[in-house]
Amino acid sequence: MGVATAVIFDFDGVLADSEGLHLRAFQDVFEPRGWSLGEGEYFARYLGFDDLGLVEAYAAGHGLRLDRAGARALIDEKSAAFRQRTAAGLPLYSGAAECVRRLAAQFPLAIASGSLRAEIEDALRETGLRQSFGAIVGADDVTATKPDPEPYLEAAARLGIAAARCVAIEDSHWGLTAARRAGMRTVGITTRSEAGALAGADRIVGRIGEV
């Protein structure tokens, strides 16, 4: 593979301590419909999904009839609920900003995430980190999301660097699968997954500051 020349981060669960906020935003729109989504189910089954993928998988898994238009309307409601819950800012993990600035001094950086790009852009501007990233790829920038490799391949392409020269940093086995399929080396972070679930990573760390 040669020497790594770029680093591509997942966002939620890697840089931003936001997975719980996404869960609560889904609960905000599920509960009025009589649907239940608990923390255990969310993190075990849906952690690596983008919003549309989660809604469609949840509907299929619970025997619910939901067409694509209904799913997208629900996602719009969830996005509004998420914006309300993050109006005061999106919390970063301890050490995340320092890690980004340290790596940005040595490598081109990008983000490949299942979140909407506007949500990521807003969070990075608030924390003063937007200028550290040469490319940001959200769920709305690709036709297939993780575990498909397209988000990582797109991020590498926008950086102008071969995927095989990139290292991906992920918190879920879905994301690690996507990065490996893209031909990247990987680092798994056990913020929301047990180390066993990240066993396919080239290296596993407990917190972003260790990267």
# chains A, B, ... in the order shown; residues from 1 in each chain; ligands from 1
call {"tool": "residues_around", "arguments": {"residues": "Ala199 of chain A", "least_positions_apart": "6", "cutoff": "12 Å", "atoms": "only C-alpha atoms", "output": "list in words"}}
result
Glu170, Asp171, Ser172, His173, Trp174, Leu176, Thr177, Thr186, Val187, Gly188, Ile189, Thr190, Ser193 and Val205 of chain A
call {"tool": "write_last_selection", "arguments": {"atoms": "N, CA and C atoms", "output": "PDB file, in the first residue's frame"}}
result
ATOM      1  N   GLU A 170     -12.873   4.904  12.204  1.00  0.00           N
ATOM      2  CA  GLU A 170     -14.279   4.515  12.301  1.00  0.00           C
ATOM      3  C   GLU A 170     -14.635   3.996  13.687  1.00  0.00           C
ATOM      4  N   ASP A 171     -15.941   4.032  13.998  1.00  0.00           N
ATOM      5  CA  ASP A 171     -16.415   3.510  15.284  1.00  0.00           C
ATOM      6  C   ASP A 171     -17.386   2.347  15.133  1.00  0.00           C
ATOM      7  N   SER A 172     -17.625   1.879  13.925  1.00  0.00           N
ATOM      8  CA  SER A 172     -18.580   0.787  13.720  1.00  0.00           C
ATOM      9  C   SER A 172     -18.047  -0.204  12.707  1.00  0.00           C
ATOM     10  N   HIS A 173     -18.537  -1.442  12.776  1.00  0.00           N
ATOM     11  CA  HIS A 173     -18.072  -2.439  11.811  1.00  0.00           C
ATOM     12  C   HIS A 173     -18.612  -2.142  10.424  1.00  0.00           C
ATOM     13  N   TRP A 174     -19.756  -1.460  10.319  1.00  0.00           N
ATOM     14  CA  TRP A 174     -20.270  -1.062   9.009  1.00  0.00           C
ATOM     15  C   TRP A 174     -19.294  -0.091   8.326  1.00  0.00           C
ATOM     16  N   LEU A 176     -16.065   0.320   9.056  1.00  0.00           N
ATOM     17  CA  LEU A 176     -14.809  -0.367   8.758  1.00  0.00           C
ATOM     18  C   LEU A 176     -14.933  -1.198   7.489  1.00  0.00           C
ATOM     19  N   THR A 177     -16.073  -1.841   7.317  1.00  0.00           N
ATOM     20  CA  THR A 177     -16.300  -2.619   6.090  1.00  0.00           C
ATOM     21  C   THR A 177     -16.234  -1.727   4.870  1.00  0.00           C
ATOM     22  N   THR A 186      -7.287   0.972   8.271  1.00  0.00           N
ATOM     23  CA  THR A 186      -8.341   1.420   9.180  1.00  0.00           C
ATOM     24  C   THR A 186      -7.888   1.463  10.631  1.00  0.00           C
ATOM     25  N   VAL A 187      -8.491   2.414  11.356  1.00  0.00           N
ATOM     26  CA  VAL A 187      -8.367   2.514  12.802  1.00  0.00           C
ATOM     27  C   VAL A 187      -9.777   2.463  13.372  1.00  0.00           C
ATOM     28  N   GLY A 188     -10.013   1.572  14.327  1.00  0.00           N
ATOM     29  CA  GLY A 188     -11.305   1.480  14.995  1.00  0.00           C
ATOM     30  C   GLY A 188     -11.232   2.117  16.371  1.00  0.00           C
ATOM     31  N   ILE A 189     -12.281   2.872  16.729  1.00  0.00           N
ATOM     32  CA  ILE A 189     -12.354   3.525  18.035  1.00  0.00           C
ATOM     33  C   ILE A 189     -13.537   2.949  18.798  1.00  0.00           C
ATOM     34  N   THR A 190     -13.284   2.544  20.034  1.00  0.00           N
ATOM     35  CA  THR A 190     -14.317   1.852  20.817  1.00  0.00           C
ATOM     36  C   THR A 190     -15.193   2.813  21.610  1.00  0.00           C
ATOM     37  N   SER A 193     -18.694   0.913  20.176  1.00  0.00           N
ATOM     38  CA  SER A 193     -18.662  -0.507  19.834  1.00  0.00           C
ATOM     39  C   SER A 193     -17.598  -1.200  20.673  1.00  0.00           C
ATOM     40  N   VAL A 205      -8.207   1.616  19.044  1.00  0.00           N
ATOM     41  CA  VAL A 205      -7.878   2.521  20.137  1.00  0.00           C
ATOM     42  C   VAL A 205      -9.145   2.806  20.939  1.00  0.00           C
TER      43      VAL A 205
END
call {"tool": "residues_around", "arguments": {"residues": "Ser18 of chain A", "least_positions_apart": "4", "cutoff": "7 Å", "atoms": "only C-alpha atoms", "output": "ChimeraX atom specification"}}
result
/A:12-13,22,90-91
call {"tool": "atom_distance", "arguments": {"atom1": "atom CA of Gly61 of chain A", "atom2": "atom CA of Ile111 of chain A"}}
result
29.7 Å
call {"tool": "closest_atom_pairs", "arguments": {"of": "segment 8-90 of chain A", "to": "segment 146-162 of chain A", "cutoff": "12 Å", "atoms": "only C-alpha atoms", "output": "tab-separated table"}}
result
residue	atom	partner	partner_atom	distance
A:Ile8	CA	A:Ala155	CA	7.5
A:Phe9	CA	A:Tyr152	CA	9.3
A:Asp10	CA	A:Tyr152	CA	9.3
A:Tyr46	CA	A:Lys146	CA	11.3
A:Leu47	CA	A:Lys146	CA	10.5
A:Gly48	CA	A:Lys146	CA	6.8
A:Phe49	CA	A:Lys146	CA	6.7
A:Asp50	CA	A:Lys146	CA	7.7
A:Asp51	CA	A:Lys146	CA	11.4
A:Leu52	CA	A:Lys146	CA	11.7
A:Gly53	CA	A:Lys146	CA	9.4
A:Leu54	CA	A:Lys146	CA	11.4
call {"tool": "select_by_dssp", "arguments": {"residues": "segment 4-145 of chain A", "states": "helix (DSSP H, G or I)", "output": "PyMOL selection string"}}
result
chain A and resi 19-33+39-46+51-61+68-85+96-104+117-127+130-132+139-141
call {"tool": "select_by_dssp", "arguments": {"residues": "segment 28-210 of chain A", "states": "strand (DSSP E or B)", "output": "list in words"}}
result
Leu92, Leu109, Ala110, Ile111, Ala112, Ala135, Ile136, Val137, Cys166, Val167, Ala168, Ile169, Glu170, Arg185, Thr186, Val187, Gly188, Ile189, Arg203, Ile204 and Val205 of chain A
call {"tool": "write_last_selection", "arguments": {"atoms": "N, CA and C atoms", "output": "short mmCIF file (atom, residue, chain, number, x, y, z; two decimals), in the first residue's frame"}}
result
data_model
loop_
_atom_site.label_atom_id
_atom_site.label_comp_id
_atom_site.auth_asym_id
_atom_site.auth_seq_id
_atom_site.Cartn_x
_atom_site.Cartn_y
_atom_site.Cartn_z
N LEU A 92 -17.92 17.74 20.78
CA LEU A 92 -16.84 16.90 20.29
C LEU A 92 -16.29 16.06 21.44
N LEU A 109 -6.91 16.03 5.19
CA LEU A 109 -7.97 15.36 5.95
C LEU A 109 -9.30 15.47 5.23
N ALA A 110 -10.15 14.48 5.45
CA ALA A 110 -11.52 14.50 4.92
C ALA A 110 -12.43 13.82 5.92
N ILE A 111 -13.73 13.97 5.69
CA ILE A 111 -14.76 13.28 6.47
C ILE A 111 -15.65 12.52 5.50
N ALA A 112 -15.95 11.27 5.87
CA ALA A 112 -16.91 10.45 5.12
C ALA A 112 -17.92 9.94 6.14
N ALA A 135 -12.09 17.94 2.29
CA ALA A 135 -13.31 17.40 1.68
C ALA A 135 -14.23 16.87 2.77
N ILE A 136 -15.52 17.06 2.56
CA ILE A 136 -16.54 16.51 3.45
C ILE A 136 -17.58 15.81 2.59
N VAL A 137 -17.80 14.54 2.86
CA VAL A 137 -18.79 13.75 2.13
C VAL A 137 -19.85 13.28 3.11
N CYS A 166 -4.87 6.10 1.91
CA CYS A 166 -5.64 6.74 2.98
C CYS A 166 -5.82 5.81 4.17
N VAL A 167 -5.93 6.42 5.33
CA VAL A 167 -6.30 5.73 6.55
C VAL A 167 -7.68 6.22 6.97
N ALA A 168 -8.60 5.31 7.26
CA ALA A 168 -9.95 5.66 7.71
C ALA A 168 -10.08 5.40 9.20
N ILE A 169 -10.78 6.30 9.89
CA ILE A 169 -10.99 6.18 11.33
C ILE A 169 -12.48 6.02 11.57
N GLU A 170 -12.87 4.90 12.20
CA GLU A 170 -14.28 4.51 12.30
C GLU A 170 -14.63 4.00 13.69
N ARG A 185 -6.52 1.45 4.78
CA ARG A 185 -6.20 0.94 6.11
C ARG A 185 -7.12 1.61 7.12
N THR A 186 -7.29 0.97 8.27
CA THR A 186 -8.34 1.42 9.18
C THR A 186 -7.89 1.46 10.63
N VAL A 187 -8.49 2.41 11.36
CA VAL A 187 -8.37 2.51 12.80
C VAL A 187 -9.78 2.46 13.37
N GLY A 188 -10.01 1.57 14.33
CA GLY A 188 -11.30 1.48 15.00
C GLY A 188 -11.23 2.12 16.37
N ILE A 189 -12.28 2.87 16.73
CA ILE A 189 -12.35 3.52 18.03
C ILE A 189 -13.54 2.95 18.80
N ARG A 203 -5.85 -1.26 13.48
CA ARG A 203 -5.51 -0.89 14.85
C ARG A 203 -6.78 -0.47 15.56
N ILE A 204 -6.87 -0.77 16.86
CA ILE A 204 -8.03 -0.38 17.67
C ILE A 204 -7.54 0.48 18.82
N VAL A 205 -8.21 1.62 19.04
CA VAL A 205 -7.88 2.52 20.14
C VAL A 205 -9.14 2.81 20.94
#
call {"tool": "residues_around", "arguments": {"residues": "Ala105 of chain A", "least_positions_apart": "2", "cutoff": "12 Å", "atoms": "only C-alpha atoms", "output": "PyMOL selection string"}}
result
chain A and resi 5-7+98-103+107-109+131-133
call {"tool": "atom_distance", "arguments": {"atom1": "atom CA of Leu66 of chain A", "atom2": "atom CA of Gly34 of chain A"}}
result
14.1 Å
call {"tool": "atom_distance", "arguments": {"atom1": "atom CA of Ala182 of chain A", "atom2": "atom CA of Gly200 of chain A"}}
result
13.9 Å
call {"tool": "closest_residue", "arguments": {"among": "A:Val211, A:Leu23, A:Ala16, A:Ala123", "to": "Ser94 of chain A", "atoms": "only C-alpha atoms"}}
result
A:Ala16
call {"tool": "decode", "arguments": {"residues": "segment 182-197 of chain A", "atoms": "all heavy atoms", "output": "PDB file, in the first residue's frame"}}
result
ATOM      1  N   ALA A 182     -13.013  -0.022   0.191  1.00  0.00           N
ATOM      2  CA  ALA A 182     -12.408   1.050  -0.595  1.00  0.00           C
ATOM      3  C   ALA A 182     -10.903   0.869  -0.730  1.00  0.00           C
ATOM      4  O   ALA A 182     -10.249   1.615  -1.473  1.00  0.00           O
ATOM      5  CB  ALA A 182     -12.708   2.407   0.042  1.00  0.00           C
ATOM      6  N   GLY A 183     -10.339  -0.102  -0.018  1.00  0.00           N
ATOM      7  CA  GLY A 183      -8.909  -0.359  -0.100  1.00  0.00           C
ATOM      8  C   GLY A 183      -8.068   0.418   0.886  1.00  0.00           C
ATOM      9  O   GLY A 183      -6.845   0.529   0.712  1.00  0.00           O
ATOM     10  N   MET A 184      -8.705   0.955   1.941  1.00  0.00           N
ATOM     11  CA  MET A 184      -7.996   1.781   2.909  1.00  0.00           C
ATOM     12  C   MET A 184      -7.569   0.980   4.125  1.00  0.00           C
ATOM     13  O   MET A 184      -8.181  -0.028   4.474  1.00  0.00           O
ATOM     14  CB  MET A 184      -8.898   2.935   3.366  1.00  0.00           C
ATOM     15  CG  MET A 184      -9.302   3.862   2.264  1.00  0.00           C
ATOM     16  SD  MET A 184     -10.349   5.221   2.863  1.00  0.00           S
ATOM     17  CE  MET A 184     -10.675   6.060   1.303  1.00  0.00           C
ATOM     18  N   ARG A 185      -6.523   1.448   4.785  1.00  0.00           N
ATOM     19  CA  ARG A 185      -6.200   0.943   6.110  1.00  0.00           C
ATOM     20  C   ARG A 185      -7.122   1.608   7.118  1.00  0.00           C
ATOM     21  O   ARG A 185      -7.670   2.683   6.865  1.00  0.00           O
ATOM     22  CB  ARG A 185      -4.732   1.217   6.437  1.00  0.00           C
ATOM     23  CG  ARG A 185      -3.797   0.228   5.756  1.00  0.00           C
ATOM     24  CD  ARG A 185      -2.356   0.632   5.873  1.00  0.00           C
ATOM     25  NE  ARG A 185      -2.044   1.702   4.947  1.00  0.00           N
ATOM     26  CZ  ARG A 185      -0.819   2.174   4.755  1.00  0.00           C
ATOM     27  NH1 ARG A 185       0.188   1.690   5.452  1.00  0.00           N
ATOM     28  NH2 ARG A 185      -0.595   3.141   3.889  1.00  0.00           N
ATOM     29  N   THR A 186      -7.287   0.972   8.271  1.00  0.00           N
ATOM     30  CA  THR A 186      -8.341   1.420   9.180  1.00  0.00           C
ATOM     31  C   THR A 186      -7.888   1.463  10.631  1.00  0.00           C
ATOM     32  O   THR A 186      -7.072   0.656  11.079  1.00  0.00           O
ATOM     33  CB  THR A 186      -9.565   0.480   9.086  1.00  0.00           C
ATOM     34  OG1 THR A 186      -9.141  -0.869   9.347  1.00  0.00           O
ATOM     35  CG2 THR A 186     -10.218   0.552   7.722  1.00  0.00           C
ATOM     36  N   VAL A 187      -8.491   2.414  11.356  1.00  0.00           N
ATOM     37  CA  VAL A 187      -8.367   2.514  12.802  1.00  0.00           C
ATOM     38  C   VAL A 187      -9.777   2.463  13.372  1.00  0.00           C
ATOM     39  O   VAL A 187     -10.658   3.223  12.943  1.00  0.00           O
ATOM     40  CB  VAL A 187      -7.679   3.823  13.233  1.00  0.00           C
ATOM     41  CG1 VAL A 187      -7.667   3.952  14.758  1.00  0.00           C
ATOM     42  CG2 VAL A 187      -6.262   3.885  12.680  1.00  0.00           C
ATOM     43  N   GLY A 188     -10.013   1.572  14.327  1.00  0.00           N
ATOM     44  CA  GLY A 188     -11.305   1.480  14.995  1.00  0.00           C
ATOM     45  C   GLY A 188     -11.232   2.117  16.371  1.00  0.00           C
ATOM     46  O   GLY A 188     -10.249   1.939  17.093  1.00  0.00           O
ATOM     47  N   ILE A 189     -12.281   2.872  16.729  1.00  0.00           N
ATOM     48  CA  ILE A 189     -12.354   3.525  18.035  1.00  0.00           C
ATOM     49  C   ILE A 189     -13.537   2.949  18.798  1.00  0.00           C
ATOM     50  O   ILE A 189     -14.662   2.902  18.289  1.00  0.00           O
ATOM     51  CB  ILE A 189     -12.506   5.051  17.892  1.00  0.00           C
ATOM     52  CG1 ILE A 189     -11.315   5.630  17.140  1.00  0.00           C
ATOM     53  CG2 ILE A 189     -12.632   5.712  19.261  1.00  0.00           C
ATOM     54  CD1 ILE A 189     -11.351   7.151  17.021  1.00  0.00           C
ATOM     55  N   THR A 190     -13.284   2.544  20.034  1.00  0.00           N
ATOM     56  CA  THR A 190     -14.317   1.852  20.817  1.00  0.00           C
ATOM     57  C   THR A 190     -15.193   2.813  21.610  1.00  0.00           C
ATOM     58  O   THR A 190     -15.483   2.585  22.777  1.00  0.00           O
ATOM     59  CB  THR A 190     -13.677   0.831  21.779  1.00  0.00           C
ATOM     60  OG1 THR A 190     -12.755   1.527  22.649  1.00  0.00           O
ATOM     61  CG2 THR A 190     -12.951  -0.253  21.030  1.00  0.00           C
ATOM     62  N   THR A 191     -15.634   3.896  20.963  1.00  0.00           N
ATOM     63  CA  THR A 191     -16.525   4.833  21.647  1.00  0.00           C
ATOM     64  C   THR A 191     -17.921   4.266  21.798  1.00  0.00           C
ATOM     65  O   THR A 191     -18.588   4.478  22.821  1.00  0.00           O
ATOM     66  CB  THR A 191     -16.596   6.165  20.880  1.00  0.00           C
ATOM     67  OG1 THR A 191     -16.875   5.884  19.502  1.00  0.00           O
ATOM     68  CG2 THR A 191     -15.299   6.939  20.991  1.00  0.00           C
ATOM     69  N   ARG A 192     -18.399   3.536  20.789  1.00  0.00           N
ATOM     70  CA  ARG A 192     -19.755   3.000  20.812  1.00  0.00           C
ATOM     71  C   ARG A 192     -19.827   1.523  20.481  1.00  0.00           C
ATOM     72  O   ARG A 192     -20.907   0.944  20.481  1.00  0.00           O
ATOM     73  CB  ARG A 192     -20.636   3.791  19.828  1.00  0.00           C
ATOM     74  CG  ARG A 192     -20.916   5.219  20.243  1.00  0.00           C
ATOM     75  CD  ARG A 192     -21.759   5.261  21.516  1.00  0.00           C
ATOM     76  NE  ARG A 192     -22.160   6.621  21.875  1.00  0.00           N
ATOM     77  CZ  ARG A 192     -22.931   6.918  22.908  1.00  0.00           C
ATOM     78  NH1 ARG A 192     -23.374   5.945  23.693  1.00  0.00           N
ATOM     79  NH2 ARG A 192     -23.250   8.160  23.183  1.00  0.00           N
ATOM     80  N   SER A 193     -18.694   0.913  20.176  1.00  0.00           N
ATOM     81  CA  SER A 193     -18.662  -0.507  19.834  1.00  0.00           C
ATOM     82  C   SER A 193     -17.598  -1.200  20.673  1.00  0.00           C
ATOM     83  O   SER A 193     -16.565  -0.610  20.995  1.00  0.00           O
ATOM     84  CB  SER A 193     -18.327  -0.708  18.347  1.00  0.00           C
ATOM     85  OG  SER A 193     -19.305  -0.120  17.505  1.00  0.00           O
ATOM     86  N   GLU A 194     -17.862  -2.461  21.021  1.00  0.00           N
ATOM     87  CA  GLU A 194     -16.851  -3.256  21.703  1.00  0.00           C
ATOM     88  C   GLU A 194     -15.701  -3.562  20.742  1.00  0.00           C
ATOM     89  O   GLU A 194     -15.888  -3.600  19.521  1.00  0.00           O
ATOM     90  CB  GLU A 194     -17.463  -4.557  22.203  1.00  0.00           C
ATOM     91  CG  GLU A 194     -18.570  -4.377  23.233  1.00  0.00           C
ATOM     92  CD  GLU A 194     -18.049  -3.841  24.554  1.00  0.00           C
ATOM     93  OE1 GLU A 194     -16.854  -4.056  24.844  1.00  0.00           O
ATOM     94  OE2 GLU A 194     -18.838  -3.213  25.284  1.00  0.00           O
ATOM     95  N   ALA A 195     -14.515  -3.790  21.315  1.00  0.00           N
ATOM     96  CA  ALA A 195     -13.352  -4.062  20.480  1.00  0.00           C
ATOM     97  C   ALA A 195     -13.586  -5.259  19.567  1.00  0.00           C
ATOM     98  O   ALA A 195     -13.126  -5.273  18.417  1.00  0.00           O
ATOM     99  CB  ALA A 195     -12.121  -4.277  21.357  1.00  0.00           C
ATOM    100  N   GLY A 196     -14.329  -6.259  20.044  1.00  0.00           N
ATOM    101  CA  GLY A 196     -14.589  -7.434  19.229  1.00  0.00           C
ATOM    102  C   GLY A 196     -15.338  -7.119  17.947  1.00  0.00           C
ATOM    103  O   GLY A 196     -15.124  -7.770  16.922  1.00  0.00           O
ATOM    104  N   ALA A 197     -16.219  -6.114  17.996  1.00  0.00           N
ATOM    105  CA  ALA A 197     -16.975  -5.729  16.813  1.00  0.00           C
ATOM    106  C   ALA A 197     -16.115  -4.985  15.797  1.00  0.00           C
ATOM    107  O   ALA A 197     -16.504  -4.849  14.639  1.00  0.00           O
ATOM    108  CB  ALA A 197     -18.162  -4.853  17.207  1.00  0.00           C
TER     109      ALA A 197
END
